[in-house]
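Listing of entry_26.txt; format and content: compact mmCIF, C-alpha atoms.
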```
# COMPACT_ATOMS: atom_id res chain seq x y z
CA MET L 1 5.61 0.61 24.35
CA ILE L 2 1.81 0.50 24.22
CA PHE L 3 0.11 3.44 22.54
CA THR L 4 -3.52 3.68 23.57
CA SER L 5 -6.11 6.01 22.01
CA GLU L 6 -5.54 8.48 24.84
CA ILE L 7 -1.76 8.45 24.47
CA ILE L 8 -2.01 8.85 20.68
CA ALA L 9 -4.41 11.80 21.04
CA GLY L 10 -1.94 13.52 23.39
CA LEU L 11 1.17 13.12 21.22
CA GLU L 12 2.96 16.08 19.68
CA LYS L 13 1.55 16.47 16.16
CA ARG L 14 4.65 15.68 14.08
CA TYR L 15 5.52 12.71 16.30
CA ARG L 16 1.99 11.33 15.90
CA THR L 17 2.07 11.85 12.14
CA ALA L 18 5.38 9.99 11.80
CA LEU L 19 4.23 7.21 14.15
CA ILE L 20 0.83 6.53 12.60
CA ASN L 21 2.21 6.74 9.07
CA SER L 22 4.67 3.98 10.02
CA LEU L 23 2.00 1.53 11.10
CA SER L 24 0.48 0.45 7.79
CA GLY L 25 3.82 -1.09 6.74
CA PHE L 26 5.69 -0.50 3.48
CA LYS L 27 3.94 1.71 0.94
CA SER L 28 3.86 1.95 -2.82
CA ALA L 29 5.63 4.90 -4.45
CA ASN L 30 3.96 6.47 -7.46
CA LEU L 31 3.82 9.84 -9.15
CA VAL L 32 0.35 10.95 -10.19
CA GLY L 33 0.40 13.03 -13.37
CA THR L 34 -2.53 15.30 -14.21
CA CYS L 35 -3.38 18.40 -16.19
CA ASP L 36 -6.22 20.89 -16.33
CA ALA L 37 -8.35 21.57 -19.41
CA GLU L 38 -5.61 23.87 -20.76
CA LYS L 39 -3.00 21.11 -20.35
CA ASN L 40 -1.21 22.84 -17.46
CA THR L 41 0.50 19.90 -15.78
CA ASN L 42 0.78 18.81 -12.15
CA LEU L 43 2.77 16.04 -10.55
CA ALA L 44 2.46 14.64 -7.02
CA LEU L 45 3.95 11.78 -5.06
CA VAL L 46 1.37 9.34 -3.69
CA SER L 47 2.15 6.51 -1.31
CA SER L 48 -1.43 5.29 -0.97
CA VAL L 49 -2.02 3.47 -4.27
CA VAL L 50 -3.71 0.14 -3.64
CA HIS L 51 -4.94 -2.73 -5.82
CA ILE L 52 -8.74 -2.80 -6.11
CA GLY L 53 -9.38 -5.44 -8.74
CA ALA L 54 -7.97 -7.10 -11.87
CA ASN L 55 -11.12 -7.43 -14.02
CA PRO L 56 -11.90 -4.65 -14.66
CA PRO L 57 -8.35 -3.48 -13.85
CA LEU L 58 -8.71 -0.97 -11.00
CA LEU L 59 -6.38 0.97 -8.73
CA GLY L 60 -7.39 3.08 -5.77
CA MET L 61 -5.62 5.91 -3.96
CA ILE L 62 -6.34 8.09 -0.96
CA MET L 63 -6.02 11.84 -1.35
CA ARG L 64 -6.52 14.64 1.13
CA PRO L 65 -8.42 17.64 -0.17
CA ASN L 66 -6.50 20.10 1.99
CA THR L 67 -2.90 19.03 1.42
CA VAL L 68 -0.44 19.15 -1.40
CA PRO L 69 -1.97 16.96 -4.12
CA ARG L 70 -5.06 19.22 -4.06
CA ASP L 71 -4.43 20.47 -7.61
CA SER L 72 -4.02 16.86 -8.70
CA LEU L 73 -7.33 15.93 -7.11
CA GLU L 74 -9.10 18.85 -8.75
CA ASN L 75 -7.62 17.94 -12.12
CA ILE L 76 -8.72 14.32 -11.77
CA LEU L 77 -12.27 15.27 -10.82
CA ALA L 78 -12.44 17.85 -13.63
CA THR L 79 -10.82 15.88 -16.47
CA GLN L 80 -11.42 12.24 -15.36
CA PHE L 81 -7.92 11.22 -16.49
CA TYR L 82 -4.62 10.77 -14.67
CA THR L 83 -1.46 8.71 -14.79
CA LEU L 84 0.45 6.69 -12.21
CA ASN L 85 4.17 6.32 -12.74
CA ALA L 86 6.38 3.99 -10.70
CA VAL L 87 9.10 5.71 -8.67
CA HIS L 88 12.52 4.06 -9.03
CA GLU L 89 15.89 4.65 -7.40
CA GLY L 90 16.97 7.08 -10.11
CA ILE L 91 14.11 9.53 -9.48
CA TYR L 92 12.98 9.09 -5.88
CA LYS L 93 14.53 12.35 -4.68
CA GLN L 94 12.74 14.33 -7.37
CA ALA L 95 9.56 12.39 -6.61
CA HIS L 96 9.81 13.31 -2.92
CA GLN L 97 10.39 16.95 -3.84
CA THR L 98 6.99 17.11 -5.60
CA SER L 99 5.44 17.06 -2.13
CA ALA L 100 6.67 20.61 -1.46
CA ARG L 101 3.99 23.28 -1.45
CA TYR L 102 4.59 24.87 -4.81
CA ASP L 103 2.42 27.68 -6.08
CA ARG L 104 -0.66 26.55 -7.91
CA LYS L 105 0.70 27.85 -11.20
CA VAL L 106 3.99 25.96 -10.90
CA SER L 107 4.26 22.58 -12.62
CA GLU L 108 6.09 20.16 -10.36
CA PHE L 109 7.46 18.49 -13.48
CA GLU L 110 9.54 21.57 -14.19
CA ALA L 111 10.22 22.39 -10.55
CA VAL L 112 11.79 19.00 -9.78
CA GLY L 113 13.29 18.24 -13.18
CA LEU L 114 11.10 15.45 -14.53
CA THR L 115 9.72 15.33 -18.07
CA PRO L 116 6.05 15.23 -19.06
CA LEU L 117 5.41 12.59 -21.72
CA TRP L 118 2.23 12.59 -23.81
CA HIS L 119 1.31 9.17 -25.16
CA SER L 120 -0.80 9.44 -28.35
CA SER L 121 -4.30 10.57 -27.44
CA PHE L 122 -4.19 10.01 -23.66
CA PHE L 123 -5.32 13.19 -21.93
CA ALA L 124 -2.93 13.29 -18.93
CA PRO L 125 0.88 13.47 -18.85
CA PHE L 126 3.07 10.48 -18.00
CA VAL L 127 6.53 10.75 -16.44
CA LYS L 128 9.13 10.04 -19.11
CA GLU L 129 11.76 8.94 -16.56
CA SER L 130 9.44 6.35 -15.01
CA SER L 131 9.78 2.73 -16.15
CA ILE L 132 6.17 1.69 -15.51
CA GLN L 133 3.57 4.16 -16.75
CA ILE L 134 -0.15 3.67 -16.24
CA GLY L 135 -2.98 5.73 -17.71
CA LEU L 136 -6.26 5.68 -15.79
CA GLN L 137 -9.80 6.98 -16.10
CA LEU L 138 -11.73 7.96 -12.99
CA ARG L 139 -14.53 5.48 -12.25
CA GLU L 140 -15.63 6.18 -8.70
CA ASN L 141 -14.79 8.36 -5.73
CA HIS L 142 -15.84 8.18 -2.10
CA GLU L 143 -15.47 10.84 0.53
CA LEU L 144 -14.66 9.24 3.87
CA ALA L 145 -16.97 10.79 6.43
CA ILE L 146 -14.54 10.32 9.31
CA ASN L 147 -11.79 12.64 8.04
CA HIS L 148 -12.91 13.90 4.62
CA THR L 149 -10.16 12.18 2.68
CA ILE L 150 -11.14 10.96 -0.78
CA LEU L 151 -10.80 7.45 -2.20
CA ILE L 152 -10.23 7.77 -5.95
CA ILE L 153 -10.78 4.65 -8.04
CA GLY L 154 -9.53 4.54 -11.60
CA GLU L 155 -9.63 1.96 -14.36
CA ILE L 156 -6.38 1.19 -16.15
CA ILE L 157 -6.82 2.33 -19.77
CA GLU L 158 -3.24 1.71 -20.84
CA ALA L 159 -0.12 0.37 -19.14
CA HIS L 160 3.38 0.82 -20.57
CA ILE L 161 5.76 -1.84 -19.28
CA PRO L 162 9.27 -2.55 -20.61
CA ASP L 163 9.46 -6.05 -22.13
CA ASN L 164 12.42 -7.02 -19.94
CA LEU L 165 10.27 -6.61 -16.78
CA LEU L 166 7.44 -8.85 -17.99
CA THR L 167 7.53 -12.50 -17.01
CA LYS L 168 5.62 -15.37 -18.60
CA SER L 169 3.17 -15.54 -15.72
CA GLY L 170 2.17 -11.88 -16.00
CA TYR L 171 4.21 -10.94 -12.92
CA VAL L 172 6.05 -7.65 -13.47
CA ALA L 173 9.56 -7.61 -11.99
CA ILE L 174 9.17 -4.31 -10.14
CA GLU L 175 12.28 -4.98 -8.05
CA GLN L 176 14.34 -5.36 -11.23
CA ALA L 177 12.93 -1.97 -12.27
CA GLU L 178 14.50 -0.59 -9.05
CA THR L 179 11.06 0.49 -7.87
CA VAL L 180 11.31 1.92 -4.36
CA THR L 181 9.04 1.48 -1.36
CA ILE L 182 8.29 4.07 1.32
CA SER L 183 7.95 3.83 5.08
CA SER L 184 6.20 6.56 7.03
CA LEU L 185 6.60 9.92 5.25
CA GLU L 186 10.33 10.14 4.83
CA ALA L 187 12.17 6.87 4.28
CA TYR L 188 12.84 5.28 0.90
CA HIS L 189 13.92 1.67 0.49
CA SER L 190 15.13 -0.66 -2.22
CA THR L 191 14.16 -4.35 -2.00
CA ASN L 192 15.61 -7.85 -2.14
CA THR L 193 13.47 -10.78 -3.16
CA LEU L 194 13.07 -13.34 -0.37
CA SER L 195 11.02 -15.75 -2.47
CA HIS L 196 8.12 -16.29 -4.81
CA LEU L 197 5.58 -18.49 -3.02
CA PRO L 198 3.10 -20.72 -4.82
CA TYR L 199 -0.65 -20.22 -4.61
CA ALA L 200 -1.52 -21.41 -1.10
CA LYS L 201 -3.65 -24.52 -0.62
CA PRO L 202 -4.82 -26.06 2.64
CA PHE L 203 -2.27 -28.58 3.86
CA GLN L 204 -2.26 -31.29 6.47
CA THR L 205 -1.69 -29.93 9.95
CA ASN L 206 1.25 -31.17 11.98
CA LYS L 207 -0.85 -34.12 13.04
CA SER L 208 0.43 -35.74 9.85
CA SER L 209 2.86 -38.55 10.59
CA HIS L 210 4.50 -38.11 7.22
CA ARG L 211 6.31 -34.97 8.32
CA SER L 212 9.27 -35.46 10.54
CA ASP L 213 10.97 -32.13 9.91
CA LYS L 214 9.66 -28.63 10.51
CA ALA L 215 6.75 -28.24 8.14
CA ASP L 216 7.13 -25.89 5.22
CA PRO L 217 3.60 -24.54 5.02
CA ASN L 218 3.90 -23.99 1.30
CA LYS L 219 4.97 -27.45 0.36
CA THR L 220 1.64 -29.14 -0.35
CA MET F 1 4.76 -3.60 -24.26
CA ILE F 2 1.60 -1.49 -24.18
CA PHE F 3 -1.43 -3.07 -22.53
CA THR F 4 -4.62 -1.33 -23.63
CA SER F 5 -8.07 -1.93 -22.11
CA GLU F 6 -8.88 -4.32 -24.95
CA ILE F 7 -5.66 -6.30 -24.53
CA ILE F 8 -6.13 -6.51 -20.75
CA ALA F 9 -9.73 -7.72 -21.13
CA GLY F 10 -8.54 -10.50 -23.45
CA LEU F 11 -5.72 -11.81 -21.25
CA GLU F 12 -5.82 -15.26 -19.70
CA LYS F 13 -7.27 -14.82 -16.20
CA ARG F 14 -4.25 -15.81 -14.08
CA TYR F 15 -1.91 -13.77 -16.26
CA ARG F 16 -4.16 -10.71 -15.91
CA THR F 17 -4.41 -11.18 -12.15
CA ALA F 18 -0.62 -11.36 -11.76
CA LEU F 19 -0.07 -8.41 -14.11
CA ILE F 20 -2.61 -6.01 -12.61
CA ASN F 21 -1.61 -6.93 -9.06
CA SER F 22 1.96 -5.89 -9.96
CA LEU F 23 1.03 -2.39 -11.06
CA SER F 24 0.28 -0.67 -7.77
CA GLY F 25 3.91 -1.15 -6.67
CA PHE F 26 5.12 -2.62 -3.40
CA LYS F 27 2.43 -3.55 -0.89
CA SER F 28 2.19 -3.69 2.88
CA ALA F 29 2.08 -7.14 4.52
CA ASN F 30 -0.19 -7.55 7.51
CA LEU F 31 -2.15 -10.31 9.17
CA VAL F 32 -5.68 -9.41 10.16
CA GLY F 33 -6.80 -11.18 13.34
CA THR F 34 -10.50 -11.53 14.13
CA CYS F 35 -12.91 -13.68 16.07
CA ASP F 36 -16.63 -14.29 16.17
CA ALA F 37 -18.84 -13.72 19.21
CA GLU F 38 -17.76 -17.13 20.58
CA LYS F 39 -14.07 -16.18 20.22
CA ASN F 40 -13.46 -18.60 17.36
CA THR F 41 -10.42 -17.03 15.71
CA ASN F 42 -9.56 -16.26 12.10
CA LEU F 43 -6.37 -14.99 10.54
CA ALA F 44 -5.85 -13.67 7.01
CA LEU F 45 -3.03 -12.04 5.08
CA VAL F 46 -3.89 -8.62 3.69
CA SER F 47 -1.67 -6.65 1.32
CA SER F 48 -4.04 -3.70 0.95
CA VAL F 49 -3.63 -1.85 4.24
CA VAL F 50 -3.27 1.88 3.61
CA HIS F 51 -2.80 4.97 5.78
CA ILE F 52 -5.99 7.06 6.01
CA GLY F 53 -5.15 9.64 8.67
CA ALA F 54 -3.12 10.31 11.81
CA ASN F 55 -5.61 12.27 13.92
CA PRO F 56 -7.77 10.36 14.54
CA PRO F 57 -5.40 7.46 13.77
CA LEU F 58 -7.01 5.52 10.90
CA LEU F 59 -6.02 2.61 8.66
CA GLY F 60 -7.98 1.36 5.67
CA MET F 61 -7.96 -1.97 3.87
CA ILE F 62 -9.70 -3.44 0.84
CA MET F 63 -11.43 -6.78 1.24
CA ARG F 64 -13.32 -8.89 -1.27
CA PRO F 65 -16.53 -10.42 0.00
CA ASN F 66 -16.20 -13.53 -2.16
CA THR F 67 -12.60 -14.53 -1.53
CA VAL F 68 -10.61 -15.94 1.32
CA PRO F 69 -10.80 -13.27 4.03
CA ARG F 70 -14.60 -13.54 3.92
CA ASP F 71 -14.78 -14.91 7.47
CA SER F 72 -12.55 -12.08 8.59
CA LEU F 73 -14.80 -9.52 6.96
CA GLU F 74 -17.88 -11.04 8.56
CA ASN F 75 -16.19 -11.05 11.95
CA ILE F 76 -15.18 -7.40 11.61
CA LEU F 77 -18.68 -6.32 10.61
CA ALA F 78 -20.24 -8.38 13.41
CA THR F 79 -17.86 -7.58 16.28
CA GLN F 80 -16.39 -4.20 15.17
CA PHE F 81 -12.91 -5.19 16.34
CA TYR F 82 -9.85 -6.57 14.56
CA THR F 83 -6.08 -6.52 14.74
CA LEU F 84 -3.35 -5.84 12.20
CA ASN F 85 -0.01 -7.52 12.79
CA ALA F 86 3.12 -6.74 10.77
CA VAL F 87 4.53 -9.66 8.79
CA HIS F 88 8.28 -10.09 9.18
CA GLU F 89 10.84 -12.40 7.60
CA GLY F 90 10.41 -15.02 10.31
CA ILE F 91 6.70 -15.56 9.63
CA TYR F 92 6.03 -14.60 6.02
CA LYS F 93 5.62 -18.18 4.83
CA GLN F 94 3.02 -18.88 7.49
CA ALA F 95 1.38 -15.55 6.70
CA HIS F 96 1.14 -16.47 3.01
CA GLN F 97 -0.32 -19.84 3.93
CA THR F 98 -3.31 -18.18 5.64
CA SER F 99 -4.54 -17.30 2.14
CA ALA F 100 -5.39 -20.96 1.46
CA ARG F 101 -9.09 -21.79 1.39
CA TYR F 102 -9.48 -23.43 4.76
CA ASP F 103 -12.83 -24.67 5.98
CA ARG F 104 -14.84 -22.06 7.78
CA LYS F 105 -14.43 -23.88 11.09
CA VAL F 106 -10.63 -24.03 10.85
CA SER F 107 -8.64 -21.33 12.60
CA GLU F 108 -5.77 -20.26 10.37
CA PHE F 109 -3.75 -19.58 13.51
CA GLU F 110 -3.64 -23.28 14.23
CA ALA F 111 -3.47 -24.34 10.59
CA VAL F 112 -0.32 -22.32 9.85
CA GLY F 113 1.31 -22.47 13.28
CA LEU F 114 0.91 -18.94 14.61
CA THR F 115 -0.22 -18.08 18.14
CA PRO F 116 -3.28 -16.03 19.09
CA LEU F 117 -2.44 -13.47 21.75
CA TRP F 118 -5.14 -11.75 23.79
CA HIS F 119 -4.12 -8.36 25.14
CA SER F 120 -6.08 -7.43 28.29
CA SER F 121 -9.63 -6.55 27.34
CA PHE F 122 -9.20 -6.14 23.58
CA PHE F 123 -11.83 -8.23 21.82
CA ALA F 124 -9.83 -9.59 18.86
CA PRO F 125 -6.71 -11.79 18.81
CA PHE F 126 -3.25 -10.43 18.01
CA VAL F 127 -0.43 -12.52 16.49
CA LYS F 128 2.11 -13.30 19.20
CA GLU F 129 4.96 -13.77 16.69
CA SER F 130 4.40 -10.35 15.12
CA SER F 131 6.59 -7.46 16.28
CA ILE F 132 4.11 -4.66 15.59
CA GLN F 133 0.57 -5.35 16.79
CA ILE F 134 -2.30 -2.95 16.23
CA GLY F 135 -5.82 -3.18 17.67
CA LEU F 136 -8.55 -1.41 15.70
CA GLN F 137 -12.23 -0.60 15.95
CA LEU F 138 -14.36 -0.41 12.81
CA ARG F 139 -15.38 3.17 12.04
CA GLU F 140 -16.65 3.14 8.49
CA ASN F 141 -17.06 0.86 5.51
CA HIS F 142 -17.80 1.55 1.87
CA GLU F 143 -18.86 -0.91 -0.77
CA LEU F 144 -17.27 0.01 -4.09
CA ALA F 145 -20.03 -0.09 -6.69
CA ILE F 146 -17.69 -1.02 -9.53
CA ASN F 147 -16.61 -4.43 -8.24
CA HIS F 148 -18.28 -4.90 -4.84
CA THR F 149 -15.06 -4.89 -2.85
CA ILE F 150 -15.28 -3.32 0.60
CA LEU F 151 -13.15 -0.54 2.04
CA ILE F 152 -12.87 -1.08 5.79
CA ILE F 153 -11.71 1.86 7.90
CA GLY F 154 -10.64 1.29 11.47
CA GLU F 155 -9.39 3.53 14.24
CA ILE F 156 -6.26 2.46 16.08
CA ILE F 157 -7.28 1.75 19.68
CA GLU F 158 -3.95 0.37 20.80
CA ALA F 159 -0.56 -0.18 19.15
CA HIS F 160 2.14 -2.42 20.62
CA ILE F 161 5.60 -1.44 19.38
CA PRO F 162 8.92 -2.71 20.76
CA ASP F 163 10.93 0.15 22.29
CA ASN F 164 13.97 -0.62 20.13
CA LEU F 165 11.98 0.16 16.95
CA LEU F 166 10.77 3.57 18.13
CA THR F 167 12.81 6.62 17.16
CA LYS F 168 12.70 10.06 18.73
CA SER F 169 10.76 11.51 15.82
CA GLY F 170 7.97 8.94 16.07
CA TYR F 171 9.22 7.04 13.02
CA VAL F 172 9.02 3.29 13.59
CA ALA F 173 11.98 1.36 12.15
CA ILE F 174 9.91 -1.21 10.29
CA GLU F 175 12.92 -2.33 8.25
CA GLN F 176 14.83 -3.08 11.46
CA ALA F 177 11.81 -5.20 12.46
CA GLU F 178 12.45 -7.20 9.25
CA THR F 179 8.99 -6.29 8.03
CA VAL F 180 8.48 -7.64 4.51
CA THR F 181 6.84 -6.08 1.49
CA ILE F 182 4.85 -7.88 -1.20
CA SER F 183 4.75 -7.52 -4.97
CA SER F 184 1.82 -8.89 -6.94
CA LEU F 185 0.35 -11.95 -5.18
CA GLU F 186 3.39 -14.12 -4.72
CA ALA F 187 6.68 -12.32 -4.13
CA TYR F 188 8.05 -11.32 -0.72
CA HIS F 189 10.88 -8.85 -0.29
CA SER F 190 13.11 -7.50 2.45
CA THR F 191 14.26 -3.89 2.22
CA ASN F 192 17.37 -1.70 2.39
CA THR F 193 17.11 1.93 3.39
CA LEU F 194 18.18 4.29 0.61
CA SER F 195 17.69 7.42 2.69
CA HIS F 196 15.51 9.46 4.99
CA LEU F 197 14.54 12.65 3.18
CA PRO F 198 13.62 15.88 4.95
CA TYR F 199 10.19 17.46 4.67
CA ALA F 200 10.16 18.92 1.15
CA LYS F 201 10.03 22.67 0.63
CA PRO F 202 9.94 24.61 -2.62
CA PHE F 203 13.45 25.35 -3.80
CA GLN F 204 14.98 27.61 -6.38
CA THR F 205 14.78 26.18 -9.86
CA ASN F 206 17.93 25.57 -11.85
CA LYS F 207 17.76 29.16 -13.04
CA SER F 208 19.73 29.91 -9.88
CA SER F 209 23.25 30.94 -10.71
CA HIS F 210 24.43 29.81 -7.30
CA ARG F 211 24.25 26.18 -8.26
CA SER F 212 27.03 24.92 -10.44
CA ASP F 213 26.60 21.20 -9.75
CA LYS F 214 23.55 19.05 -10.33
CA ALA F 215 20.89 20.30 -7.94
CA ASP F 216 19.97 18.16 -5.01
CA PRO F 217 16.23 18.82 -4.84
CA ASN F 218 16.19 18.26 -1.11
CA LYS F 219 18.92 20.62 -0.17
CA THR F 220 17.01 23.82 0.45
```
Now that the file is in, can you turn its structure into structure tokens?
Amino acid sequence: MIFTSEIIAGLEKRYRTALINSLSGFKSANLVGTCDAEKNTNLALVSSVVHIGANPPLLGMIMRPNTVPRDSLENILATQFYTLNAVHEGIYKQAHQTSARYDRKVSEFEAVGLTPLWHSSFFAPFVKESSIQIGLQLRENHELAINHTILIIGEIIEAHIPDNLLTKSGYVAIEQAETVTISSLEAYHSTNTLSHLPYAKPFQTNKSSHRSDKADPNKT
Amino acid sequence: MIFTSEIIAGLEKRYRTALINSLSGFKSANLVGTCDAEKNTNLALVSSVVHIGANPPLLGMIMRPNTVPRDSLENILATQFYTLNAVHEGIYKQAHQTSARYDRKVSEFEAVGLTPLWHSSFFAPFVKESSIQIGLQLRENHELAINHTILIIGEIIEAHIPDNLLTKSGYVAIEQAETVTISSLEAYHSTNTLSHLPYAKPFQTNKSSHRSDKADPNKT
């Protein structure tokens, strides 16, 4: 099936939403924890967290001003602090439930049965049940002119990672943590490692007479 | 282990890169296909594609001007057109190999053994071996002041999706397509569906006397 611009524009709304949300591929699954100045907490599932840079350590996420994480967005802009907490198999149903349209005065922590955790002096609440907990400070935000979504960029101020997930190389075994991944808006997946590939270097093309078998592009 | 800002700043560079790249969670795996005005092709793996909106249909991706997909970025800015092609189990090693620092005049298609595919009048090359092929037109780009990476936003002009992956709801079965997901910079994973969850609605809290068993937050 070929979906052109015209066909996409004419699709029934929910169909189009499901379709287009499928096309980016697998998504990260994180809970964003925030609070207002009076420490009233909010919790929202985000599937748009993306790596921005390692030095300084930066994560980005896309938020829509007029949908559910609106309170979260307002809290981030007002307080400058928020947390990202990895969603694992044990909590993904609660995480999904945070996307319901609760009243502004309801804390999703309480509504879905997750526990706010306050680490020392960090301003925003972490999720106690989450294995990987990241505290961030807002550094930059961009409103996208084309649809008024907001790109939020935060610097990692503290990251709490269980020792058993940390490898010597710095790689964090997020699969071992049972971290889930999302497709479209509704499907949750566990993962199986296919392989760890080495840093890629240019290799001889198949003009090389030294290769008689099918070339493994990562064997340099 | 708690990584503070000070600890992160003092980490050995490769360790920090692996660590911080792990923290966003699972990443999408796509190949971006581009060409210059003379139709010289380029292909680059991107793990930063993110959903921006469904109407109009928009995808974003983060690119670094001074790393490998530089030619791709220049082609996108110059020609306005590019493709995103889902990476599946059958091609992930070749996809990873595109991240090697090939000479500017080398097409990664040829270097890694993937096939450029030209769909009718679309300006940029698709990847023939990819199951889900998306043609985009550049709509907006933002340079992030904090580290000079670029957010590229494109509108989906055409999407090629095999009929057997399309469901009635519009959800595309990207797991059935053997689409892979990436963690950090090096690890590739297949997936297993845990479940499809319904659109979340607020539910009664556990104050409800009608629930004697552990509440399923998605059973409203």
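Among L:Leu136, L:Leu23, L:Leu45, L:Ala29, the residue with the shortest atom-to-atom distance to Asn85 (chain F), counting all atoms listed in the file, is L:Leu23.
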Quick one: contact table of region 2-106 of chain L to region 153-163 of chain F, 9 Å max, nearest atom pair and distance in Å to one decimal per residue, counting all atoms listed in the file, chain and number order, as JSON lines?
```
{"residue": "L:Ile2", "atom": "CA", "partner": "F:His160", "partner_atom": "CA", "distance": 4.6}
{"residue": "L:Phe3", "atom": "CA", "partner": "F:Ala159", "partner_atom": "CA", "distance": 5.0}
{"residue": "L:Thr4", "atom": "CA", "partner": "F:Glu158", "partner_atom": "CA", "distance": 4.3}
{"residue": "L:Ser5", "atom": "CA", "partner": "F:Ile157", "partner_atom": "CA", "distance": 5.0}
{"residue": "L:Glu6", "atom": "CA", "partner": "F:Ile157", "partner_atom": "CA", "distance": 8.7}
{"residue": "L:Ile8", "atom": "CA", "partner": "F:Glu158", "partner_atom": "CA", "distance": 8.7}
{"residue": "L:Ile20", "atom": "CA", "partner": "F:Ile156", "partner_atom": "CA", "distance": 8.9}
{"residue": "L:Leu23", "atom": "CA", "partner": "F:Ala159", "partner_atom": "CA", "distance": 8.6}
```
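If only C-alpha atoms are the atoms counted, then among L:Gln80, L:Asn75, L:Thr115, L:Ser24 the closest residue to chain F is L:Ser24.
With only C-alpha atoms as the basis for measurement, L:Phe26 is the residue among L:Thr98, L:Trp118, L:Phe26, L:Glu129 that approaches Thr191 (chain L) most closely.
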Q.
Report, in Å with one decimal, the straight-line distance from CA of Ala86 (chain L) to CA of Ile91 (chain F).
A. 28.2 Å
Q: Identify, on the basis of only C-alpha atoms, every residue whose closest approach to Gln94 (chain F) does not exceed 12 Å; exclude the query and any residue fewer than 4 positions from it along the same chain; express the result as a PyMOL selection string.
A: (chain L and resi 197+200-203+215-219) or (chain F and resi 30-31+43-45+87-90+98-100+108-115+127+129-130)
Q.
If I take CA of Gln137 (chain F) and CA of Ile62 (chain F), how far is one from the other in Å, to one decimal?
A. 15.6 Å
Q. With distances taken over all atoms listed in the file, which of L:Ala95, L:Ile7, L:Leu165, L:Leu194 is nearest to chain F?
A. L:Leu194
Q. So what do you get for CA of Gln133 (chain L) versus CA of Tyr188 (chain L), distance-wise?
A. 20.0 Å
Q: Rank F:Val106, F:Ala187, F:Val32, F:Ile146 by their smallest atom-to-atom distance to chain L, using all atoms listed in the file, and report the top residue only.
A: F:Ala187
Q) With all atoms listed in the file as the basis for distance, which of F:Tyr82, F:Tyr15, F:Tyr92, F:Phe126 is at the shortest distance from chain L? A) F:Tyr15
Expected axis-aligned box over every listed atom of region 160-177 of chain L, 6 Å added per side, centre plus edges in Å to one decimal, as JSON:
```
{"center_x": 8.3, "center_y": -7.4, "center_z": -15.1, "size_x": 24.2, "size_y": 28.4, "size_z": 26.1}
```
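If you count all atoms listed in the file and ignore residues fewer than 6 places along the chain from Glu186 (chain L), what sits within 10 Å of it is Ala18, Asn21, Ser22 and His96 of chain L; Tyr171, Ser195, His196, Leu197, Pro198, Tyr199 and Ala200 of chain F.
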What would region 41-49 of chain F look like with N, CA, C and O atoms restored, written as a short mmCIF file (atom, residue, chain, number, x, y, z; two decimals), keeping the file's coordinate frame?
```cif
data_model
loop_
_atom_site.label_atom_id
_atom_site.label_comp_id
_atom_site.auth_asym_id
_atom_site.auth_seq_id
_atom_site.Cartn_x
_atom_site.Cartn_y
_atom_site.Cartn_z
N THR F 41 -11.33 -17.97 16.36
CA THR F 41 -10.42 -17.03 15.71
C THR F 41 -10.26 -17.26 14.21
O THR F 41 -10.47 -18.38 13.72
N ASN F 42 -9.89 -16.21 13.53
CA ASN F 42 -9.56 -16.26 12.10
C ASN F 42 -8.34 -15.38 11.85
O ASN F 42 -8.15 -14.39 12.54
N LEU F 43 -7.57 -15.76 10.86
CA LEU F 43 -6.37 -14.99 10.54
C LEU F 43 -6.22 -14.96 9.02
O LEU F 43 -6.36 -15.99 8.36
N ALA F 44 -5.95 -13.79 8.47
CA ALA F 44 -5.85 -13.67 7.01
C ALA F 44 -4.79 -12.65 6.65
O ALA F 44 -4.67 -11.60 7.27
N LEU F 45 -4.02 -12.98 5.61
CA LEU F 45 -3.03 -12.04 5.08
C LEU F 45 -3.74 -10.97 4.27
O LEU F 45 -4.57 -11.28 3.43
N VAL F 46 -3.39 -9.71 4.53
CA VAL F 46 -3.89 -8.62 3.69
C VAL F 46 -2.71 -7.79 3.20
O VAL F 46 -1.79 -7.49 3.96
N SER F 47 -2.75 -7.46 1.90
CA SER F 47 -1.67 -6.65 1.32
C SER F 47 -2.20 -5.28 0.90
O SER F 47 -1.54 -4.56 0.16
N SER F 48 -3.37 -4.93 1.40
CA SER F 48 -4.04 -3.70 0.95
C SER F 48 -4.21 -2.67 2.06
O SER F 48 -4.99 -1.73 1.90
N VAL F 49 -3.48 -2.83 3.16
CA VAL F 49 -3.63 -1.85 4.24
C VAL F 49 -2.99 -0.52 3.81
O VAL F 49 -1.91 -0.50 3.23
#
```
